[in-house]
Amino acid sequence: MNDFLAARSQMALSLGFHIIYSCIGMVMPVFMAISHYKYIKTQNPVYKNVTQAWSKGVAIFFATGAVSGTMLSFELGLLWPRFMIHAGPIFGMPFSLEGVAFFIEAIALGFFLYGWNRFNKWFHWATGVMVGVSGILSGILVVSANSWMNSPSGFDYMNGQYLNISPMKAMFNGAWFSEALHMTIAAFSATGFAVAGIHALMIYRKQNVEFHTKAFRIAIVFGAVAAILQPLSGDISAKHAARRQPAKLAAMEAYFHTQTYAPLVIGGIPDTVAKKVNYGVELPGVLSFLVHDNFKQEVKGLDQIPVKDQPNVPVTHYAFQIMVGFGMVMMLIGILYFIAVWKKREWFNKSWFLKLFIYATPLGFIALEAGWTVTEVGRQPWIIQDVMRTADAVTPMPGIQYSFYLFSFVYFTLSLAVIFLLQRQIKMVPEIYDVKK
Amino acid sequence: MLTVVILFLFFAILLYFLLGGADFGAGIIELFTSDNNKHRTRATMYQAIGPIWEANHMWLIIAVVILFVGFPDIYSNMCTYLHIPLLAMLMGIIARGTAFAFRNYDAIKGERTQALYNNIFVYSSFLTPLFLGIIAGSAISRQIDFAATDFLTAYVYSWFNYFSIAVGLFTVALCGFLAAIYLIGEATDEFDVKRFIKKAKVLNAIAFFCGGLVFLAAETLNIHMAHWIFGNRVSLTAVIAASVSLVLLWITVSRGHKQLPRIFAAFQVSMILLSVGYTHYPNFIMGKNGRNLSVLSDHATAGTIDTLGIALLIGSLFILPALFYLFYSFRGKQSLEDFH
């Protein structure tokens, strides 16, 4: 494995794990605050139990997210020093604000976790809300830094020099809103479905049904609403990609030939040599419509982009299909949930209905990882779109593959440990919390 | 605004050293506690740092962010030439942070799993400050060779030398010392108070010894520590202040004070850092052949520094009062058993 590939793999691995820890760490506090609010309002102890059980999940994910985030703030320099030496001062603004938001989150979490029976109940509740708010802010800020790499602004690049740097313009680059919106909604739908799925499993097994039903109801509302909204934000993101990163859009769609009435290809196996997609379903004109709002207008294909500036087409295409496919499934399940709430309350007692949510547990996170792959692989070969190539940013230090092996070991062990701990938390629910069986 | 940013940078490093250092130290003390008393040390430590410990480690993030936004040359070069010790430090941070959380949030307190978390926690509490010290020592050791082409010179000898390692050991000893003094005030009975006082004395002696090692090791690299520390008025004053506060610290400990020794310990360590820091200021990295990176000349352009300074000022308006209230709320020996 060469050093460049090792560095890219290590970064992908680190972000791939960090994204899960941090999404859960920013969304679960919101669920926790809702349940806490219901407890304060109704004084029903089941809500207190749900809040405390979730808060332990938050603590575990915050701790892992905090350390993996610390690792990332160093990995940027350890792996990509030639990128950071130029990019740091330009896109550092959201990182410094994120540092502040993250700090506040840590302080608020200290208050919340250790503050039971110690503070005014509304102050205590508010600290829990602060954990969620600052977590979401952190997420938006970090994504804004990433969007700058996709849509660089706030500087002039002349003769290899980065001049007239404006950190605020860099932060509010053209893609920040669409990317932050898409990521935040994705975090809510993925975490909502994952949490709801676990509680649905426990309801299905008839364990602590009241406890798990209350937890399920809170989580799934967020998951379902987010899943239903996500296609809209996806549409905004795709239009942005078409304008700023035509190579990424073309790779997502495995769209080789520039044409009018551009077709949308669903599924299929891209053949990069013959420049066509085998076994896909083509919907003529739909890509033109999605990008330009009319069925006729020409869409730029891969043939207009030099091969050396193209991302890996099959990877980007497959990832995009997975993201959209699972996103659609989640949206349908979300709609079914609301039909059940408003019209078909008897569904809640049917085992097929519960199974639907149990099977959907990992879908959101698979879609989220696939979407992240689309953004990051689709940006290649650039680390700063059209300005700096990823290959030119890598550290001169050899032997990065060993660092990659080490990080792989650490992240896999860590994830196994987190799963192990969560399992034990769930298993101990009847013992720790005084709830009816 | 550059001054504001530089002040924040040193402030964040100092606070990380004091607060994060005391956290590391608590783990180090646990490592050197007899098995009979380990659970007592652990209980005291959990009460002392449980609520504040995540916040203590945020200072590192703040320092790193200031470095890569405001001083990208310093950040990138450190990351390149000190890649290996940074990696080791990161492994320590991740092992330590997760083991600490896991041992408190494992719903089933099994003997073997707890023993595993404890082991990971105490050993990483030792390794992390060791490598932090090595990194700090290497930054000023004049061993980083910006022109090196071979692997060993560029990436290994930059930090693998007697001086850097001695600084690493000295850092470990100081962290342990800080924690012992801090824990005296948290202990709930006479037995523990005596135990922590004893630990503090031993660690004070070890810190002296390691300090001596740093002096000796410096000579092997032709660095004259005496000149660094006694060569200018500010450093000399700082060293004298540190010594005086050490004496006051022990007087206050023997009189049974809880808060004053902490203040003197923090002051003493701050003075040691000031003494060394001032000698080299504004240089942050001192490399081979007189190639230095300085906070006054190797910084980002004015636009970036101004925005960073404003962000830090506004951020601290939120962080500092909240942090102060967090420390204030969880001071003393209230039981944390309500929740766990």
# chains A, B, ... in the order shown; residues from 1 in each chain; ligands from 1
>>> interface_residues(of="chain B", to="chain A", cutoff="8 Å", atoms="only C-alpha atoms", output="MDAnalysis selection string")
chainID B and resid 50:52 54:55 58 61:62 64:66 68:73 75:77 79:80 83 90 93:94 97:98 101:102 105:108 151 155 300:301 303:304 307:308 311:312 315:316 318:319 322:323 326 336 338:339
>>> write_last_selection(atoms="C-alpha atoms", output="mmCIF file, in the first residue's frame")
data_model
loop_
_atom_site.group_PDB
_atom_site.id
_atom_site.type_symbol
_atom_site.label_atom_id
_atom_site.label_comp_id
_atom_site.auth_asym_id
_atom_site.auth_seq_id
_atom_site.Cartn_x
_atom_site.Cartn_y
_atom_site.Cartn_z
ATOM 1 C CA GLY B 50 -16.021 13.325 36.963
ATOM 2 C CA PRO B 51 -18.067 16.418 36.110
ATOM 3 C CA ILE B 52 -15.219 18.582 34.853
ATOM 4 C CA GLU B 54 -14.313 16.450 29.578
ATOM 5 C CA ALA B 55 -14.046 20.218 29.801
ATOM 6 C CA MET B 58 -11.064 20.988 25.579
ATOM 7 C CA ILE B 61 -8.541 21.432 21.147
ATOM 8 C CA ILE B 62 -8.497 25.213 21.610
ATOM 9 C CA VAL B 64 -4.586 23.086 18.376
ATOM 10 C CA VAL B 65 -7.209 25.149 16.587
ATOM 11 C CA ILE B 66 -5.343 28.381 17.380
ATOM 12 C CA PHE B 68 -3.598 25.584 12.754
ATOM 13 C CA VAL B 69 -5.654 28.669 12.036
ATOM 14 C CA GLY B 70 -3.259 31.312 13.282
ATOM 15 C CA PHE B 71 0.135 29.665 12.953
ATOM 16 C CA PRO B 72 -0.164 27.132 10.116
ATOM 17 C CA ASP B 73 3.618 26.861 9.588
ATOM 18 C CA TYR B 75 1.257 23.416 13.155
ATOM 19 C CA SER B 76 2.204 21.786 9.861
ATOM 20 C CA ASN B 77 5.872 21.450 10.731
ATOM 21 C CA CYS B 79 2.758 17.531 12.563
ATOM 22 C CA THR B 80 5.358 16.554 10.006
ATOM 23 C CA HIS B 83 4.453 12.831 13.644
ATOM 24 C CA LEU B 90 -3.182 10.554 20.368
ATOM 25 C CA ILE B 93 -5.678 10.307 24.593
ATOM 26 C CA ILE B 94 -8.114 7.968 22.883
ATOM 27 C CA GLY B 97 -10.723 9.090 27.369
ATOM 28 C CA THR B 98 -12.693 6.035 26.376
ATOM 29 C CA ALA B 101 -15.975 6.798 30.223
ATOM 30 C CA PHE B 102 -16.335 3.055 29.836
ATOM 31 C CA TYR B 105 -20.813 3.714 32.037
ATOM 32 C CA ASP B 106 -20.482 -0.029 31.819
ATOM 33 C CA ALA B 107 -23.871 -1.073 33.192
ATOM 34 C CA ILE B 108 -22.477 -4.330 34.537
ATOM 35 C CA PHE B 151 13.859 8.988 7.696
ATOM 36 C CA TYR B 155 11.221 11.799 11.880
ATOM 37 C CA ALA B 300 -1.386 33.884 9.281
ATOM 38 C CA THR B 301 -2.278 37.147 7.559
ATOM 39 C CA GLY B 303 -7.442 39.115 8.228
ATOM 40 C CA THR B 304 -7.275 35.651 9.712
ATOM 41 C CA THR B 307 -11.200 37.117 12.949
ATOM 42 C CA LEU B 308 -9.593 34.431 15.093
ATOM 43 C CA ALA B 311 -13.895 34.547 17.729
ATOM 44 C CA LEU B 312 -11.757 33.704 20.764
ATOM 45 C CA GLY B 315 -16.109 32.474 22.687
ATOM 46 C CA SER B 316 -14.461 33.119 26.022
ATOM 47 C CA PHE B 318 -19.511 32.142 26.878
ATOM 48 C CA ILE B 319 -16.956 29.578 27.988
ATOM 49 C CA ALA B 322 -19.955 28.647 32.284
ATOM 50 C CA LEU B 323 -16.736 26.853 33.142
ATOM 51 C CA LEU B 326 -19.242 24.294 36.595
ATOM 52 C CA LEU B 336 -21.992 11.985 43.213
ATOM 53 C CA ASP B 338 -27.178 10.285 43.313
ATOM 54 C CA PHE B 339 -26.925 9.215 39.749
#
>>> residues_around(residues="Phe11 of chain B", least_positions_apart="5", cutoff="9 Å", atoms="only C-alpha atoms", output="PyMOL selection string")
chain B and resi 6+16+59+63
>>> write_last_selection(atoms="N, CA and C atoms", output="compact mmCIF listing (two decimals), in the first residue's frame")
# COMPACT_ATOMS: atom_id res chain seq x y z
N ILE B 6 -1.98 35.28 20.63
CA ILE B 6 -0.84 34.64 21.28
C ILE B 6 -1.14 34.39 22.76
N TYR B 16 -4.35 23.70 29.87
CA TYR B 16 -4.35 22.27 29.57
C TYR B 16 -3.34 21.56 30.45
N TRP B 59 -9.16 22.30 26.37
CA TRP B 59 -8.10 23.29 26.18
C TRP B 59 -7.10 22.84 25.13
N ALA B 63 -6.08 24.98 21.85
CA ALA B 63 -4.68 25.27 21.49
C ALA B 63 -4.39 24.80 20.06
>>> closest_residue(among="B:Ala99, B:Leu18, B:Val172, B:Leu293", to="Ala115 of chain B", atoms="only C-alpha atoms")
B:Ala99
>>> atom_distance(atom1="atom CA of Pro270 of chain A", atom2="atom CA of Val307 of chain A")
15.5 Å
>>> residues_around(residues="Met149 of chain A", least_positions_apart="5", cutoff="7 Å", atoms="only C-alpha atoms", output="ChimeraX atom specification")
/A:383-385
>>> write_last_selection(atoms="N, CA and C atoms", output="compact mmCIF listing (two decimals), in the first residue's frame")
# COMPACT_ATOMS: atom_id res chain seq x y z
N ILE A 383 -8.31 18.15 -3.22
CA ILE A 383 -8.55 18.33 -1.79
C ILE A 383 -9.21 19.70 -1.59
N ILE A 384 -8.79 20.68 -2.41
CA ILE A 384 -9.53 21.94 -2.52
C ILE A 384 -9.98 22.00 -3.98
N GLN A 385 -11.26 21.91 -4.20
CA GLN A 385 -11.78 21.78 -5.56
C GLN A 385 -11.14 22.77 -6.53
>>> residues_around(residues="Asp189 of chain B", least_positions_apart="6", cutoff="12 Å", atoms="only C-alpha atoms", output="list in words")
Arg40, Thr41, Thr44, Leu183, Arg195, Phe196 and Lys333 of chain B
>>> write_last_selection(atoms="C-alpha atoms", output="PDB file, in the first residue's frame")
ATOM      1  CA  ARG B  40     -10.132   4.624  47.442  1.00  0.00           C
ATOM      2  CA  THR B  41      -7.966   6.638  45.073  1.00  0.00           C
ATOM      3  CA  THR B  44     -11.786  10.254  45.328  1.00  0.00           C
ATOM      4  CA  LEU B 183      -6.656  15.297  45.677  1.00  0.00           C
ATOM      5  CA  ARG B 195      -2.018   9.111  51.900  1.00  0.00           C
ATOM      6  CA  PHE B 196      -2.206  11.908  49.320  1.00  0.00           C
ATOM      7  CA  LYS B 333     -17.040  16.742  48.561  1.00  0.00           C
TER       8      LYS B 333
END
>>> closest_residue(among="A:Phe17, A:Tyr204, A:Pro29, A:Met11", to="Glu369 of chain A", atoms="only C-alpha atoms")
A:Phe17
>>> decode(residues="segment 85-144 of chain B", atoms="C-alpha atoms", output="PDB file, in the first residue's frame")
ATOM      1  CA  PRO B  85       5.235  11.239  19.210  1.00  0.00           C
ATOM      2  CA  LEU B  86       2.000  13.018  18.258  1.00  0.00           C
ATOM      3  CA  LEU B  87       0.581   9.699  17.114  1.00  0.00           C
ATOM      4  CA  ALA B  88       1.636   8.082  20.381  1.00  0.00           C
ATOM      5  CA  MET B  89       0.068  10.928  22.337  1.00  0.00           C
ATOM      6  CA  LEU B  90      -3.182  10.554  20.368  1.00  0.00           C
ATOM      7  CA  MET B  91      -3.297   6.846  21.089  1.00  0.00           C
ATOM      8  CA  GLY B  92      -2.907   7.720  24.754  1.00  0.00           C
ATOM      9  CA  ILE B  93      -5.678  10.307  24.593  1.00  0.00           C
ATOM     10  CA  ILE B  94      -8.114   7.968  22.883  1.00  0.00           C
ATOM     11  CA  ALA B  95      -7.351   5.027  25.181  1.00  0.00           C
ATOM     12  CA  ARG B  96      -7.587   7.164  28.259  1.00  0.00           C
ATOM     13  CA  GLY B  97     -10.723   9.090  27.369  1.00  0.00           C
ATOM     14  CA  THR B  98     -12.693   6.035  26.376  1.00  0.00           C
ATOM     15  CA  ALA B  99     -11.475   3.841  29.253  1.00  0.00           C
ATOM     16  CA  PHE B 100     -12.496   6.539  31.745  1.00  0.00           C
ATOM     17  CA  ALA B 101     -15.975   6.798  30.223  1.00  0.00           C
ATOM     18  CA  PHE B 102     -16.335   3.055  29.836  1.00  0.00           C
ATOM     19  CA  ARG B 103     -15.489   2.199  33.398  1.00  0.00           C
ATOM     20  CA  ASN B 104     -18.179   4.563  34.632  1.00  0.00           C
ATOM     21  CA  TYR B 105     -20.813   3.714  32.037  1.00  0.00           C
ATOM     22  CA  ASP B 106     -20.482  -0.029  31.819  1.00  0.00           C
ATOM     23  CA  ALA B 107     -23.871  -1.073  33.192  1.00  0.00           C
ATOM     24  CA  ILE B 108     -22.477  -4.330  34.537  1.00  0.00           C
ATOM     25  CA  LYS B 109     -19.545  -3.727  36.860  1.00  0.00           C
ATOM     26  CA  GLY B 110     -17.754  -6.995  36.155  1.00  0.00           C
ATOM     27  CA  GLU B 111     -14.441  -7.590  37.853  1.00  0.00           C
ATOM     28  CA  ARG B 112     -12.501  -8.460  34.737  1.00  0.00           C
ATOM     29  CA  THR B 113     -13.894  -5.736  32.505  1.00  0.00           C
ATOM     30  CA  GLN B 114     -13.343  -3.119  35.211  1.00  0.00           C
ATOM     31  CA  ALA B 115      -9.782  -4.347  35.665  1.00  0.00           C
ATOM     32  CA  LEU B 116      -9.246  -4.007  31.929  1.00  0.00           C
ATOM     33  CA  TYR B 117     -10.603  -0.421  31.843  1.00  0.00           C
ATOM     34  CA  ASN B 118      -8.502   0.466  34.883  1.00  0.00           C
ATOM     35  CA  ASN B 119      -5.350  -0.899  33.325  1.00  0.00           C
ATOM     36  CA  ILE B 120      -5.892   0.924  30.059  1.00  0.00           C
ATOM     37  CA  PHE B 121      -6.703   4.107  31.978  1.00  0.00           C
ATOM     38  CA  VAL B 122      -3.661   4.139  34.250  1.00  0.00           C
ATOM     39  CA  TYR B 123      -1.092   3.188  31.618  1.00  0.00           C
ATOM     40  CA  SER B 124      -2.412   5.695  29.114  1.00  0.00           C
ATOM     41  CA  SER B 125      -2.462   8.328  31.893  1.00  0.00           C
ATOM     42  CA  PHE B 126       1.271   7.773  32.109  1.00  0.00           C
ATOM     43  CA  LEU B 127       2.004   7.590  28.387  1.00  0.00           C
ATOM     44  CA  THR B 128       0.005  10.640  27.279  1.00  0.00           C
ATOM     45  CA  PRO B 129       1.821  13.285  29.372  1.00  0.00           C
ATOM     46  CA  LEU B 130       5.111  11.497  28.689  1.00  0.00           C
ATOM     47  CA  PHE B 131       4.659  12.110  24.977  1.00  0.00           C
ATOM     48  CA  LEU B 132       3.232  15.579  25.533  1.00  0.00           C
ATOM     49  CA  GLY B 133       6.429  16.392  27.381  1.00  0.00           C
ATOM     50  CA  ILE B 134       8.518  14.794  24.654  1.00  0.00           C
ATOM     51  CA  ILE B 135       6.749  16.957  22.059  1.00  0.00           C
ATOM     52  CA  ALA B 136       7.254  20.107  24.139  1.00  0.00           C
ATOM     53  CA  GLY B 137      10.897  19.233  24.744  1.00  0.00           C
ATOM     54  CA  SER B 138      11.503  18.472  21.072  1.00  0.00           C
ATOM     55  CA  ALA B 139      10.008  21.783  19.996  1.00  0.00           C
ATOM     56  CA  ILE B 140      12.824  23.636  21.752  1.00  0.00           C
ATOM     57  CA  SER B 141      15.575  21.011  21.513  1.00  0.00           C
ATOM     58  CA  ARG B 142      17.090  22.280  18.214  1.00  0.00           C
ATOM     59  CA  GLN B 143      16.943  18.707  16.942  1.00  0.00           C
ATOM     60  CA  ILE B 144      14.241  19.223  14.299  1.00  0.00           C
TER      61      ILE B 144
END
